[in-house]
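Listing of work34.cif, mmCIF, C-alpha atoms
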```cif
data_structure
#
loop_
_atom_site.label_atom_id
_atom_site.label_comp_id
_atom_site.auth_asym_id
_atom_site.auth_seq_id
_atom_site.Cartn_x
_atom_site.Cartn_y
_atom_site.Cartn_z
CA MET A 1 90.28 146.03 60.46
CA ASP A 2 87.53 148.25 61.72
CA SER A 3 84.13 146.90 60.91
CA ILE A 4 81.99 148.98 58.61
CA GLY A 5 79.64 149.77 61.49
CA VAL A 6 82.40 151.44 63.49
CA ILE A 7 83.40 153.53 60.49
CA ILE A 8 79.85 154.66 59.81
CA GLY A 9 79.42 155.33 63.52
CA PHE A 10 82.55 157.46 63.59
CA TYR A 11 81.44 159.65 60.71
CA ALA A 12 77.90 160.00 62.08
CA LEU A 13 79.15 160.89 65.57
CA ALA A 14 81.80 163.25 64.23
CA GLY A 15 79.18 165.04 62.13
CA LEU A 16 76.78 165.20 65.08
CA THR A 17 79.43 166.58 67.41
CA VAL A 18 80.80 169.20 65.05
CA GLY A 19 77.29 170.20 63.97
CA ALA A 20 76.10 170.58 67.55
CA ALA A 21 79.20 172.59 68.43
CA LEU A 22 78.45 174.87 65.46
CA LEU A 23 74.89 175.23 66.76
CA VAL A 24 76.29 176.48 70.08
CA PHE A 25 77.83 179.29 68.08
CA LEU A 26 74.86 179.93 65.80
CA VAL A 27 71.63 179.65 67.80
CA ARG A 28 70.13 182.86 69.05
CA ASN A 29 68.78 181.62 72.39
CA LEU A 30 71.12 180.94 75.30
CA LEU A 31 69.14 177.97 76.62
CA HIS A 32 69.06 176.42 73.16
CA ALA A 33 72.83 176.84 73.11
CA VAL A 34 73.05 174.85 76.36
CA LEU A 35 70.96 172.08 74.74
CA ALA A 36 73.21 172.06 71.67
CA LEU A 37 76.19 171.83 74.01
CA VAL A 38 74.67 168.73 75.67
CA LEU A 39 74.21 167.20 72.22
CA ALA A 40 77.84 167.92 71.37
CA PHE A 41 79.01 166.29 74.61
CA LEU A 42 76.87 163.20 73.98
CA GLY A 43 78.29 162.87 70.46
CA MET A 44 81.75 163.24 71.94
CA SER A 45 81.12 160.42 74.39
CA GLY A 46 80.07 158.26 71.42
CA LEU A 47 83.41 159.09 69.80
CA PHE A 48 85.12 158.02 73.03
CA ILE A 49 83.37 154.66 72.78
CA THR A 50 84.70 154.19 69.24
CA LEU A 51 88.14 154.72 70.83
CA SER A 52 87.48 151.86 73.33
CA ALA A 53 87.40 154.34 76.22
CA ASP A 54 84.45 152.90 78.10
CA PHE A 55 85.06 154.49 81.50
CA ILE A 56 85.82 157.95 80.13
CA ALA A 57 82.73 157.81 77.91
CA MET A 58 80.49 157.15 80.92
CA ALA A 59 82.25 159.80 83.01
CA GLN A 60 81.77 162.20 80.09
CA ILE A 61 78.02 161.55 80.06
CA LEU A 62 77.75 161.98 83.83
CA ILE A 63 79.90 165.09 84.17
CA TYR A 64 79.80 166.94 80.85
CA ALA A 65 76.33 165.98 79.67
CA GLY A 66 74.85 165.87 83.18
CA ALA A 67 76.44 168.05 85.83
CA ILE A 68 77.89 170.94 83.84
CA PRO A 69 74.68 171.74 81.87
CA VAL A 70 72.79 171.77 85.19
CA LEU A 71 75.27 174.32 86.51
CA LEU A 72 74.97 176.33 83.30
CA VAL A 73 71.17 176.35 83.41
CA PHE A 74 71.31 177.34 87.10
CA ALA A 75 73.61 180.21 86.24
CA VAL A 76 71.30 181.32 83.42
CA MET A 77 68.27 181.17 85.71
CA LEU A 78 70.03 183.02 88.55
CA THR A 79 70.70 185.97 86.25
CA PRO A 80 67.07 186.80 85.40
CA HIS A 81 67.45 190.32 84.07
CA ALA A 82 70.47 189.54 81.91
CA SER A 83 69.77 189.12 78.22
CA ARG A 84 68.80 185.62 77.15
CA ASP A 85 70.11 185.87 73.65
CA ASN A 86 73.36 184.36 72.53
CA ALA A 87 74.53 187.56 70.90
CA ASN A 88 78.04 188.22 69.72
CA SER A 89 80.22 190.88 71.26
CA LEU A 90 82.26 193.54 69.51
CA PHE A 91 85.11 191.06 69.13
CA ALA A 92 83.05 188.51 67.17
CA PRO A 93 84.74 188.92 63.75
CA GLY A 94 88.19 188.64 65.30
CA GLY A 95 87.17 185.73 67.48
CA LEU A 96 85.66 183.88 64.54
CA LEU A 97 88.82 184.48 62.52
CA ILE A 98 91.07 183.21 65.34
CA GLY A 99 88.87 180.14 65.79
CA LEU A 100 88.95 179.37 62.07
CA GLY A 101 92.69 179.91 62.03
CA PHE A 102 93.27 177.52 64.92
CA ALA A 103 90.96 174.89 63.41
CA ALA A 104 92.74 175.14 60.04
CA LEU A 105 96.13 174.94 61.73
CA PHE A 106 95.22 171.88 63.78
CA VAL A 107 93.62 170.11 60.83
CA PHE A 108 96.69 170.82 58.71
CA VAL A 109 99.07 169.56 61.39
CA ALA A 110 96.95 166.44 62.00
CA MET A 111 96.99 165.60 58.29
CA ALA A 112 100.58 166.55 57.50
CA THR A 113 102.41 164.99 60.43
CA VAL A 114 103.59 161.41 60.26
CA TRP A 115 102.44 160.21 63.66
CA PRO A 116 104.31 157.40 65.43
CA VAL A 117 101.26 155.16 65.50
CA LEU A 118 101.01 151.46 66.15
CA ASP A 119 100.81 149.37 63.03
CA VAL A 120 97.39 148.04 62.14
CA GLU A 121 98.22 144.47 63.10
CA THR A 122 99.17 145.30 66.72
CA LEU A 123 96.23 147.65 66.97
CA HIS A 124 93.68 144.99 66.24
CA VAL A 125 95.36 142.05 67.91
CA GLN A 126 94.95 143.51 71.39
CA SER A 127 91.96 142.05 73.13
CA PHE A 128 89.80 144.59 74.87
CA ALA A 129 89.48 143.94 78.59
CA GLY A 130 87.88 147.17 79.74
CA THR A 131 89.83 150.17 80.95
CA VAL A 132 88.45 150.64 84.47
CA ARG A 133 90.86 148.33 86.25
CA THR A 134 93.92 149.85 84.60
CA ILE A 135 92.78 153.42 85.18
CA GLY A 136 92.05 152.69 88.84
CA ALA A 137 95.44 151.06 89.37
CA ALA A 138 97.18 153.99 87.67
CA LEU A 139 95.28 156.58 89.71
CA LEU A 140 96.18 154.92 93.01
CA GLY A 141 99.68 154.03 91.84
CA ASP A 142 101.79 156.25 89.62
CA TYR A 143 99.41 159.22 89.81
CA LEU A 144 98.55 159.03 93.52
CA LEU A 145 99.90 162.48 94.40
CA ALA A 146 98.07 164.14 91.49
CA PHE A 147 94.92 162.23 92.45
CA GLU A 148 95.03 163.50 96.03
CA LEU A 149 95.80 167.04 94.88
CA ALA A 150 92.85 166.88 92.47
CA SER A 151 90.53 165.90 95.32
CA VAL A 152 91.76 168.84 97.41
CA LEU A 153 91.33 171.12 94.39
CA LEU A 154 87.74 169.95 93.90
CA LEU A 155 86.92 170.45 97.56
CA ALA A 156 88.45 173.93 97.57
CA ALA A 157 86.63 174.86 94.36
CA PHE A 158 83.22 173.77 95.59
CA VAL A 159 83.61 175.33 99.05
CA GLY A 160 84.82 178.46 97.28
CA ALA A 161 81.86 178.47 94.92
CA VAL A 162 79.41 178.14 97.83
CA ALA A 163 81.20 180.84 99.81
CA LEU A 164 81.20 183.20 96.80
CA VAL A 165 77.49 183.09 96.08
CA ARG A 166 76.24 182.91 99.68
CA GLU A 167 73.97 185.82 100.53
CA ASP A 168 75.27 187.77 103.53
CA GLU A 169 72.75 187.85 106.33
CA ALA A 170 74.30 190.89 107.91
CA MET B 171 93.72 141.96 53.34
CA PRO B 172 92.43 144.22 50.56
CA SER B 173 94.03 147.64 50.49
CA SER B 174 90.70 149.37 49.91
CA ALA B 175 89.48 148.22 53.32
CA GLN B 176 92.74 149.46 54.81
CA ASP B 177 92.17 152.92 53.31
CA LEU B 178 88.78 152.99 54.94
CA ALA B 179 90.07 152.23 58.43
CA LEU B 180 89.90 154.88 61.12
CA THR B 181 93.29 156.33 61.93
CA LEU B 182 94.69 158.88 64.34
CA PRO B 183 94.32 161.87 61.95
CA HIS B 184 90.57 161.21 61.65
CA TYR B 185 90.14 161.86 65.35
CA LEU B 186 92.65 164.71 65.46
CA VAL B 187 90.78 166.53 62.67
CA VAL B 188 87.50 166.30 64.60
CA SER B 189 89.31 167.42 67.75
CA GLY B 190 90.88 170.39 65.96
CA MET B 191 87.58 171.48 64.46
CA ILE B 192 85.83 171.38 67.84
CA PHE B 193 88.70 173.24 69.46
CA GLY B 194 88.43 175.96 66.82
CA ILE B 195 84.68 176.26 67.34
CA GLY B 196 85.30 176.47 71.10
CA ILE B 197 87.78 179.32 70.62
CA ALA B 198 85.33 181.14 68.36
CA VAL B 199 82.52 180.78 70.94
CA ALA B 200 84.75 181.80 73.85
CA LEU B 201 86.09 184.88 72.09
CA SER B 202 82.97 186.21 70.42
CA LYS B 203 80.04 185.69 72.79
CA ARG B 204 78.70 188.56 74.83
CA ASN B 205 77.20 186.54 77.68
CA ALA B 206 79.75 185.32 80.24
CA ILE B 207 77.95 181.97 80.52
CA ALA B 208 78.22 181.43 76.75
CA VAL B 209 81.95 182.13 77.00
CA LEU B 210 82.17 179.31 79.57
CA MET B 211 80.44 176.98 77.11
CA GLY B 212 83.19 177.72 74.60
CA ILE B 213 85.84 176.87 77.19
CA GLU B 214 84.12 173.56 77.94
CA LEU B 215 84.10 172.74 74.22
CA MET B 216 87.84 173.41 74.03
CA LEU B 217 88.53 171.15 77.04
CA ASN B 218 86.45 168.41 75.46
CA ALA B 219 88.35 168.64 72.18
CA VAL B 220 91.58 168.16 74.12
CA ASN B 221 90.09 165.07 75.80
CA LEU B 222 89.34 163.59 72.39
CA ALA B 223 92.92 164.17 71.27
CA PHE B 224 94.27 162.54 74.45
CA LEU B 225 92.12 159.46 73.99
CA ALA B 226 92.99 159.19 70.30
CA PHE B 227 96.71 159.32 71.08
CA SER B 228 96.20 156.77 73.82
CA ARG B 229 94.47 154.44 71.37
CA PHE B 230 96.69 154.79 68.33
CA GLY B 231 100.02 156.15 69.53
CA SER B 232 102.95 153.80 69.73
CA SER B 233 104.59 155.60 72.63
CA PHE B 234 101.44 156.12 74.69
CA GLY B 235 99.07 153.76 76.31
CA ILE B 236 100.65 150.38 75.96
CA ALA B 237 103.50 149.44 78.23
CA SER B 238 105.99 147.11 76.62
CA GLU B 239 109.69 146.42 76.56
CA GLY B 240 111.50 149.66 75.84
CA ASN B 241 108.31 151.62 76.38
CA PRO B 242 107.84 152.39 80.05
CA ALA B 243 104.75 154.52 79.46
CA ALA B 244 102.06 153.75 81.98
CA PRO B 245 99.16 151.87 80.41
CA LEU B 246 96.28 154.14 79.47
CA ALA B 247 98.16 157.28 80.54
CA GLY B 248 95.96 159.30 78.20
CA HIS B 249 92.85 158.10 79.99
CA VAL B 250 94.29 159.13 83.35
CA PHE B 251 95.03 162.60 81.99
CA VAL B 252 91.44 162.87 80.78
CA VAL B 253 90.20 161.96 84.27
CA PHE B 254 92.21 164.88 85.67
CA ILE B 255 90.94 167.22 82.95
CA LEU B 256 87.36 166.24 83.81
CA THR B 257 88.05 167.05 87.47
CA VAL B 258 89.60 170.41 86.75
CA ALA B 259 86.83 171.27 84.27
CA ALA B 260 84.16 170.60 86.88
CA ALA B 261 85.98 172.74 89.46
CA GLU B 262 86.50 175.51 86.92
CA ALA B 263 82.85 175.48 85.85
CA ALA B 264 81.62 175.70 89.46
CA VAL B 265 83.87 178.63 90.37
CA ALA B 266 83.37 180.50 87.10
CA LEU B 267 79.57 180.22 87.28
CA ALA B 268 79.66 181.40 90.91
CA MET B 269 81.65 184.40 89.73
CA ALA B 270 79.13 185.06 86.96
CA VAL B 271 76.29 185.06 89.51
CA LEU B 272 78.31 187.35 91.78
CA VAL B 273 79.03 189.82 88.99
CA TYR B 274 75.34 189.77 88.10
CA ARG B 275 74.40 190.68 91.70
CA ARG B 276 76.70 193.69 91.66
CA ARG B 277 76.10 194.97 88.14
CA GLU B 278 72.73 193.47 87.06
CA THR B 279 74.38 192.10 83.92
CA VAL B 280 76.67 189.35 82.69
CA ASP B 281 77.22 191.17 79.40
CA LEU B 282 80.98 191.21 78.89
CA ASP B 283 80.79 194.38 76.77
CA ARG B 284 79.30 196.20 79.75
CA ILE B 285 81.62 194.85 82.46
CA ASN B 286 84.21 197.48 81.67
CA LEU B 287 85.01 198.94 85.07
CA MET B 288 88.74 198.47 84.55
CA ARG B 289 88.81 199.87 81.03
CA TRP B 290 91.31 202.69 80.61
#
```
Spit out the file's structure as structure tokens when you get a sec.
Amino acid sequence: MDSIGVIIGFYALAGLTVGAALLVFLVRNLLHAVLALVLAFLGMSGLFITLSADFIAMAQILIYAGAIPVLLVFAVMLTPHASRDNANSLFAPGGLLIGLGFAALFVFVAMATVWPVLDVETLHVQSFAGTVRTIGAALLGDYLLAFELASVLLLAAFVGAVALVREDEA
Amino acid sequence: MPSSAQDLALTLPHYLVVSGMIFGIGIAVALSKRNAIAVLMGIELMLNAVNLAFLAFSRFGSSFGIASEGNPAAPLAGHVFVVFILTVAAAEAAVALAMAVLVYRRRETVDLDRINLMRW
């Protein structure tokens, strides 16, 4: 059985994450939206920890709460004359409606479906040994081809990004 | 084991509801923001919601995550998928932000309502 601390932690982190994500939509300043986004990602990594995903939680903090906001802030700063507000476009009512519709649909499906989950006994009998070793073995075993392709993709993307924004000397 | 404690336990739907709500917010942000960089933030939120769903399935699902007799699923397959999503998200963010900077250099704006060169 989950201890009461984990349950309280889940609800607190879920509220933090959803609230911060809502702030991304609501705040009027683009940089404040980036900060709210960081908060949402940190809350999400807390949720990952409640799911016993230690490695992914740390990777989430490094990449989503660290690297991507830096890129976002760089992009905001490199566009100095663009508007800094987080204004909605002409499509805002439709977009909001579609977002609400998707959220309602997913929540309904999550509640209504009978998921093929492990029974509670099995779930809590497993001892937790950390996930890093298993993930590493899987990445260099069953998923080796995808792993290598992902590294090529990353290299191509970053070289491409540098090549795109390079100022031409000529 | 008292049944009241069992009702309180965290289950798969708890996490899927959070994931669905964040995905919906991400769609709303991506579709309704005027600044291209804000649209990217919405896309990142959506990717993150998917990661949460993957990890929840990996934790609770009977056919994911735990290899056993009659279940050849690789252990922690959901975690491996999340690693790949993180990779692709980083690549996508780098290229998309480079494109935003490039568009800004040409047009002095990243306002999606005003990038309408190809509008009929």
| task | For chain A, work out the contacting residues on chain B at 6 Å, counting all atoms listed in the file, and write them as a ChimeraX atom specification. | result | /B:179,183,186-187,190-191,194-195,197-199,201-204,230-232,261,265,268,279
Would you mind exporting the chosen residues as a JSON list (two decimals), keeping the file's coordinate frame, restricted to C-alpha atoms?
```
[["chain", "number", "residue", "atom", "x", "y", "z"],
["B", 179, "ALA", "CA", 90.07, 152.23, 58.43],
["B", 183, "PRO", "CA", 94.32, 161.87, 61.95],
["B", 186, "LEU", "CA", 92.65, 164.71, 65.46],
["B", 187, "VAL", "CA", 90.78, 166.53, 62.67],
["B", 190, "GLY", "CA", 90.88, 170.39, 65.96],
["B", 191, "MET", "CA", 87.58, 171.48, 64.46],
["B", 194, "GLY", "CA", 88.43, 175.96, 66.82],
["B", 195, "ILE", "CA", 84.68, 176.26, 67.34],
["B", 197, "ILE", "CA", 87.78, 179.32, 70.62],
["B", 198, "ALA", "CA", 85.33, 181.14, 68.36],
["B", 199, "VAL", "CA", 82.52, 180.78, 70.94],
["B", 201, "LEU", "CA", 86.09, 184.88, 72.09],
["B", 202, "SER", "CA", 82.97, 186.21, 70.42],
["B", 203, "LYS", "CA", 80.04, 185.69, 72.79],
["B", 204, "ARG", "CA", 78.70, 188.56, 74.83],
["B", 230, "PHE", "CA", 96.69, 154.79, 68.33],
["B", 231, "GLY", "CA", 100.02, 156.15, 69.53],
["B", 232, "SER", "CA", 102.95, 153.80, 69.73],
["B", 261, "ALA", "CA", 85.98, 172.74, 89.46],
["B", 265, "VAL", "CA", 83.87, 178.63, 90.37],
["B", 268, "ALA", "CA", 79.66, 181.40, 90.91],
["B", 279, "THR", "CA", 74.38, 192.10, 83.92]]
```
| request: Name the residues that the PyMOL selection byres ((chain B and resi 223) around 10) picks from the file above, as a list in words, using the file's chain letters and numbers. | output: Leu182, Pro183, Tyr185, Leu186, Val187, Val188, Ser189, Gly190, Asn218, Ala219, Val220, Asn221, Leu222, Phe224, Leu225, Ala226, Phe227, Ser228, Arg229, Gly248 and Val252 of chain B
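One finds atom CA of B:Ala206 at 9.1 Å from atom CA of B:Ala266.
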| query | Separation of atom CA of B:Ala200 and atom CA of A:Asn29, in Å? | reply | 16.0 Å
| query | Mind pulling up the distance from atom CA of A:Ala65 to atom CA of B:Glu214? | reply | 11.0 Å
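Within 8 Å of the point (79.1, 180.9, 80.4), counting all atoms listed in the file, the protein and nucleic acid residues come to Leu72 of chain A; Asn205, Ala206, Ile207, Ala208, Val209, Leu210, Met211, Gly212, Ala266, Leu267 and Ala270 of chain B.
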